[in-house]
file data-v8.txt (compact mmCIF, C-alpha atoms and all ligand atoms)
# COMPACT_ATOMS: atom_id res chain seq x y z
CA MET A 52 -5.95 20.75 15.16
CA GLU A 53 -2.22 20.24 14.96
CA LYS A 54 -0.91 19.26 11.57
CA ILE A 55 0.50 15.82 11.02
CA LYS A 56 4.16 16.13 10.11
CA VAL A 57 5.17 13.99 7.18
CA LYS A 58 8.95 13.96 6.95
CA ILE A 59 10.09 12.68 3.60
CA CYS A 60 13.71 11.59 3.54
CA GLN A 61 15.78 13.17 0.80
CA GLY A 62 18.93 11.24 1.66
CA THR A 63 20.91 9.33 -0.93
CA THR A 64 19.77 5.85 0.03
CA CYS A 65 16.11 6.78 0.05
CA PHE A 66 16.51 8.68 -3.19
CA VAL A 67 18.17 5.74 -4.90
CA MET A 68 15.56 3.34 -3.57
CA GLY A 69 12.57 5.42 -4.57
CA GLY A 70 13.29 8.96 -5.67
CA ASP A 71 10.55 9.21 -8.27
CA THR A 72 8.01 7.57 -5.99
CA ILE A 73 8.89 9.97 -3.21
CA LYS A 74 8.38 13.07 -5.32
CA ALA A 75 5.04 11.80 -6.65
CA MET A 76 4.05 10.84 -3.09
CA ALA A 77 4.68 14.34 -1.78
CA ASP A 78 2.54 15.85 -4.52
CA ALA A 79 -0.28 13.35 -4.01
CA LEU A 80 -0.29 13.78 -0.22
CA ALA A 81 -0.36 17.56 -0.49
CA GLU A 82 -3.30 17.37 -2.86
CA LYS A 83 -5.22 14.83 -0.76
CA TYR A 84 -4.71 16.29 2.72
CA GLY A 85 -4.08 19.99 2.12
CA ASP A 86 -3.49 21.79 5.40
CA LYS A 87 -4.09 18.73 7.59
CA ILE A 88 -0.48 17.74 7.05
CA GLU A 89 2.84 19.45 6.77
CA ILE A 90 5.30 17.89 4.37
CA VAL A 91 8.86 18.36 5.48
CA PRO A 92 11.78 17.25 3.33
CA VAL A 93 14.52 16.02 5.63
CA ARG A 94 18.08 14.84 5.26
CA CYS A 95 18.96 11.28 6.09
CA LEU A 96 17.82 10.58 9.64
CA GLU A 97 20.12 7.56 9.68
CA THR A 98 17.39 5.00 9.85
CA CYS A 99 18.97 3.49 6.74
CA HIS A 100 22.21 3.03 8.70
CA GLU A 101 20.70 0.62 11.17
CA SER A 102 21.64 -2.97 10.51
CA ASP A 103 19.52 -4.61 7.87
CA SER A 104 17.68 -1.37 7.12
CA PHE A 105 19.21 -0.47 3.80
CA SER A 106 16.80 -2.58 1.81
CA LYS A 107 13.82 -1.02 3.58
CA ALA A 108 14.35 2.47 2.16
CA PRO A 109 12.78 4.77 1.23
CA TYR A 110 11.70 6.00 4.64
CA VAL A 111 8.95 8.42 5.51
CA PHE A 112 8.28 9.57 9.06
CA VAL A 113 4.68 10.37 9.96
CA ASP A 114 4.98 12.27 13.23
CA GLU A 115 7.09 9.78 15.18
CA GLU A 116 6.08 6.72 13.23
CA VAL A 117 8.58 5.29 10.75
CA VAL A 118 7.22 3.96 7.47
CA SER A 119 9.76 1.72 5.76
CA ALA A 120 9.73 0.75 2.10
CA ALA A 121 7.40 3.70 1.93
CA ASP A 122 4.86 4.01 -0.81
CA LEU A 123 1.78 6.17 -1.12
CA GLU A 124 -0.61 3.53 0.19
CA LYS A 125 1.42 2.83 3.33
CA VAL A 126 1.81 6.50 4.15
CA ILE A 127 -1.90 7.18 3.60
CA ASN A 128 -2.77 4.30 5.93
CA VAL A 129 -0.66 5.81 8.71
CA ILE A 130 -2.05 9.30 8.16
CA GLU A 131 -5.62 7.98 8.17
CA SER A 132 -5.03 6.15 11.46
CA LYS A 133 -3.79 9.40 13.00
CA LEU A 134 -6.74 11.40 11.72
CA LYS A 135 -9.26 9.13 13.48
S1 LIG B 201 18.81 8.13 3.27
FE1 LIG B 201 16.82 8.05 4.11
S2 LIG B 201 17.08 7.37 6.14
FE2 LIG B 201 19.07 7.48 5.31

call {"tool": "encode", "arguments": {"input": "data-v8.txt", "output": "structure tokens"}}
result
Amino acid sequence: MEKIKVKICQGTTCFVMGGDTIKAMADALAEKYGDKIEIVPVRCLETCHESDSFSKAPYVFVDEEVVSAADLEKVINVIESKLK
């Protein structure tokens, strides 16, 4: 089974909007899903540059799906839907 790619934005906007949450999220996801997912730190993918998007950081990308105002619960929900 192909791993689900969880790209966690490390860009400035996402860091400012949720840096501590993001780090804790990466650790929690790695512990929960092990080798079912691949966590990939990425630079700003410019989603935060789209109009009106600034306030929706931090962003996490689960495969091609964008999770805005990302927190652990939202990301887990997306991962779970992909594992079904
Ligand atoms: S800093 Fe995260 S999408 Fe731009």

call {"tool": "residues_near_ligand", "arguments": {"input": "data-v8.txt", "ligand": "ligand LIG 201 (chain B)", "cutoff": "6 Å", "atoms": "all atoms listed in the file", "output": "PyMOL selection string"}}
result
chain A and resi 60+62-65+95-99+109-110

call {"tool": "closest_residue", "arguments": {"input": "data-v8.txt", "among": "A:Leu134, A:Val113, A:Ala108, A:Leu123", "to": "A:Val67", "atoms": "all atoms listed in the file"}}
result
A:Ala108

call {"tool": "closest_residue", "arguments": {"input": "data-v8.txt", "among": "A:Ile127, A:Val91, A:Ala121, A:Met52", "to": "A:Ile73", "atoms": "all atoms listed in the file"}}
result
A:Ala121

call {"tool": "closest_residue", "arguments": {"input": "data-v8.txt", "among": "A:Ala120, A:Glu89, A:Asn128, A:His100", "to": "A:Lys58", "atoms": "only C-alpha atoms"}}
result
A:Glu89

call {"tool": "axis_aligned_box", "arguments": {"input": "data-v8.txt", "around": "stretch 59-64 of chain A", "padding_each_side": "4 Å", "output": "JSON"}}
result
{"center_x": 15.5, "center_y": 9.5, "center_z": 1.3, "size_x": 18.8, "size_y": 15.3, "size_z": 12.5}

call {"tool": "residues_around", "arguments": {"input": "data-v8.txt", "residues": "A:Val129", "least_positions_apart": "4", "cutoff": "10 Å", "atoms": "all atoms listed in the file", "output": "list of chain:residue names"}}
result
A:Phe112, A:Val113, A:Asp114, A:Glu116, A:Val117, A:Val118, A:Glu124, A:Lys125, A:Lys133, A:Leu134

call {"tool": "atom_distance", "arguments": {"input": "data-v8.txt", "atom1": "atom CA of A:Ser106", "atom2": "atom CA of A:Thr72"}}
result
15.5 Å

call {"tool": "closest_residue", "arguments": {"input": "data-v8.txt", "among": "A:Ile55, A:Lys135, A:Gly69, A:Val126", "to": "A:Lys107", "atoms": "only C-alpha atoms"}}
result
A:Gly69

call {"tool": "atom_distance", "arguments": {"input": "data-v8.txt", "atom1": "atom CA of A:Ala79", "atom2": "atom CA of A:Arg94"}}
result
20.6 Å

call {"tool": "atom_distance", "arguments": {"input": "data-v8.txt", "atom1": "atom CA of A:Asp86", "atom2": "atom CA of A:Glu115"}}
result
18.8 Å

call {"tool": "closest_residue", "arguments": {"input": "data-v8.txt", "among": "A:Glu82, A:Asp103, A:Asp122, A:Glu131", "to": "A:Ile59", "atoms": "only C-alpha atoms"}}
result
A:Asp122

call {"tool": "closest_residue", "arguments": {"input": "data-v8.txt", "among": "A:Lys56, A:Ser119, A:Ser102, A:Ser132", "to": "A:Ala81", "atoms": "all atoms listed in the file"}}
result
A:Lys56

call {"tool": "build_atoms", "arguments": {"input": "data-v8.txt", "residues": "stretch 65-83 of chain A", "atoms": "N, CA, C and O atoms", "output": "mmCIF file, keeping the file's coordinate frame"}}
result
data_model
loop_
_atom_site.group_PDB
_atom_site.id
_atom_site.type_symbol
_atom_site.label_atom_id
_atom_site.label_comp_id
_atom_site.auth_asym_id
_atom_site.auth_seq_id
_atom_site.Cartn_x
_atom_site.Cartn_y
_atom_site.Cartn_z
ATOM 1 N N CYS A 65 17.553 6.715 0.325
ATOM 2 C CA CYS A 65 16.110 6.780 0.050
ATOM 3 C C CYS A 65 15.858 7.262 -1.365
ATOM 4 O O CYS A 65 14.950 6.772 -2.035
ATOM 5 N N PHE A 66 16.680 8.188 -1.823
ATOM 6 C CA PHE A 66 16.510 8.680 -3.190
ATOM 7 C C PHE A 66 16.753 7.569 -4.193
ATOM 8 O O PHE A 66 15.978 7.366 -5.123
ATOM 9 N N VAL A 67 17.824 6.832 -3.971
ATOM 10 C CA VAL A 67 18.170 5.740 -4.900
ATOM 11 C C VAL A 67 17.085 4.663 -4.885
ATOM 12 O O VAL A 67 16.730 4.099 -5.919
ATOM 13 N N MET A 68 16.541 4.413 -3.705
ATOM 14 C CA MET A 68 15.560 3.340 -3.570
ATOM 15 C C MET A 68 14.153 3.754 -3.978
ATOM 16 O O MET A 68 13.259 2.914 -4.050
ATOM 17 N N GLY A 69 13.947 5.048 -4.216
ATOM 18 C CA GLY A 69 12.570 5.420 -4.570
ATOM 19 C C GLY A 69 12.372 6.892 -4.841
ATOM 20 O O GLY A 69 11.337 7.448 -4.500
ATOM 21 N N GLY A 70 13.343 7.519 -5.451
ATOM 22 C CA GLY A 70 13.290 8.960 -5.670
ATOM 23 C C GLY A 70 12.054 9.437 -6.403
ATOM 24 O O GLY A 70 11.401 10.381 -5.980
ATOM 25 N N ASP A 71 11.709 8.774 -7.496
ATOM 26 C CA ASP A 71 10.550 9.210 -8.270
ATOM 27 C C ASP A 71 9.258 9.008 -7.485
ATOM 28 O O ASP A 71 8.367 9.860 -7.483
ATOM 29 N N THR A 72 9.190 7.875 -6.802
ATOM 30 C CA THR A 72 8.010 7.570 -5.990
ATOM 31 C C THR A 72 7.819 8.631 -4.916
ATOM 32 O O THR A 72 6.710 9.080 -4.653
ATOM 33 N N ILE A 73 8.934 9.005 -4.311
ATOM 34 C CA ILE A 73 8.890 9.970 -3.210
ATOM 35 C C ILE A 73 8.364 11.323 -3.680
ATOM 36 O O ILE A 73 7.527 11.927 -3.025
ATOM 37 N N LYS A 74 8.817 11.766 -4.809
ATOM 38 C CA LYS A 74 8.380 13.070 -5.320
ATOM 39 C C LYS A 74 6.875 13.012 -5.645
ATOM 40 O O LYS A 74 6.114 13.907 -5.274
ATOM 41 N N ALA A 75 6.457 11.941 -6.302
ATOM 42 C CA ALA A 75 5.040 11.800 -6.650
ATOM 43 C C ALA A 75 4.205 11.686 -5.371
ATOM 44 O O ALA A 75 3.092 12.205 -5.293
ATOM 45 N N MET A 76 4.759 11.008 -4.359
ATOM 46 C CA MET A 76 4.050 10.840 -3.090
ATOM 47 C C MET A 76 3.804 12.197 -2.429
ATOM 48 O O MET A 76 2.707 12.476 -1.958
ATOM 49 N N ALA A 77 4.820 13.022 -2.398
ATOM 50 C CA ALA A 77 4.680 14.340 -1.780
ATOM 51 C C ALA A 77 3.582 15.139 -2.461
ATOM 52 O O ALA A 77 2.741 15.751 -1.792
ATOM 53 N N ASP A 78 3.563 15.107 -3.770
ATOM 54 C CA ASP A 78 2.540 15.850 -4.520
ATOM 55 C C ASP A 78 1.141 15.295 -4.225
ATOM 56 O O ASP A 78 0.200 16.048 -3.989
ATOM 57 N N ALA A 79 1.020 13.971 -4.229
ATOM 58 C CA ALA A 79 -0.280 13.350 -4.010
ATOM 59 C C ALA A 79 -0.788 13.610 -2.588
ATOM 60 O O ALA A 79 -1.979 13.869 -2.378
ATOM 61 N N LEU A 80 0.109 13.550 -1.617
ATOM 62 C CA LEU A 80 -0.290 13.780 -0.220
ATOM 63 C C LEU A 80 -0.732 15.236 -0.021
ATOM 64 O O LEU A 80 -1.723 15.495 0.658
ATOM 65 N N ALA A 81 -0.009 16.143 -0.617
ATOM 66 C CA ALA A 81 -0.360 17.560 -0.490
ATOM 67 C C ALA A 81 -1.740 17.809 -1.087
ATOM 68 O O ALA A 81 -2.558 18.537 -0.521
ATOM 69 N N GLU A 82 -2.005 17.188 -2.205
ATOM 70 C CA GLU A 82 -3.300 17.370 -2.860
ATOM 71 C C GLU A 82 -4.431 16.745 -2.041
ATOM 72 O O GLU A 82 -5.498 17.317 -1.878
ATOM 73 N N LYS A 83 -4.171 15.563 -1.489
ATOM 74 C CA LYS A 83 -5.220 14.830 -0.760
ATOM 75 C C LYS A 83 -5.530 15.454 0.602
ATOM 76 O O LYS A 83 -6.683 15.540 0.993
#
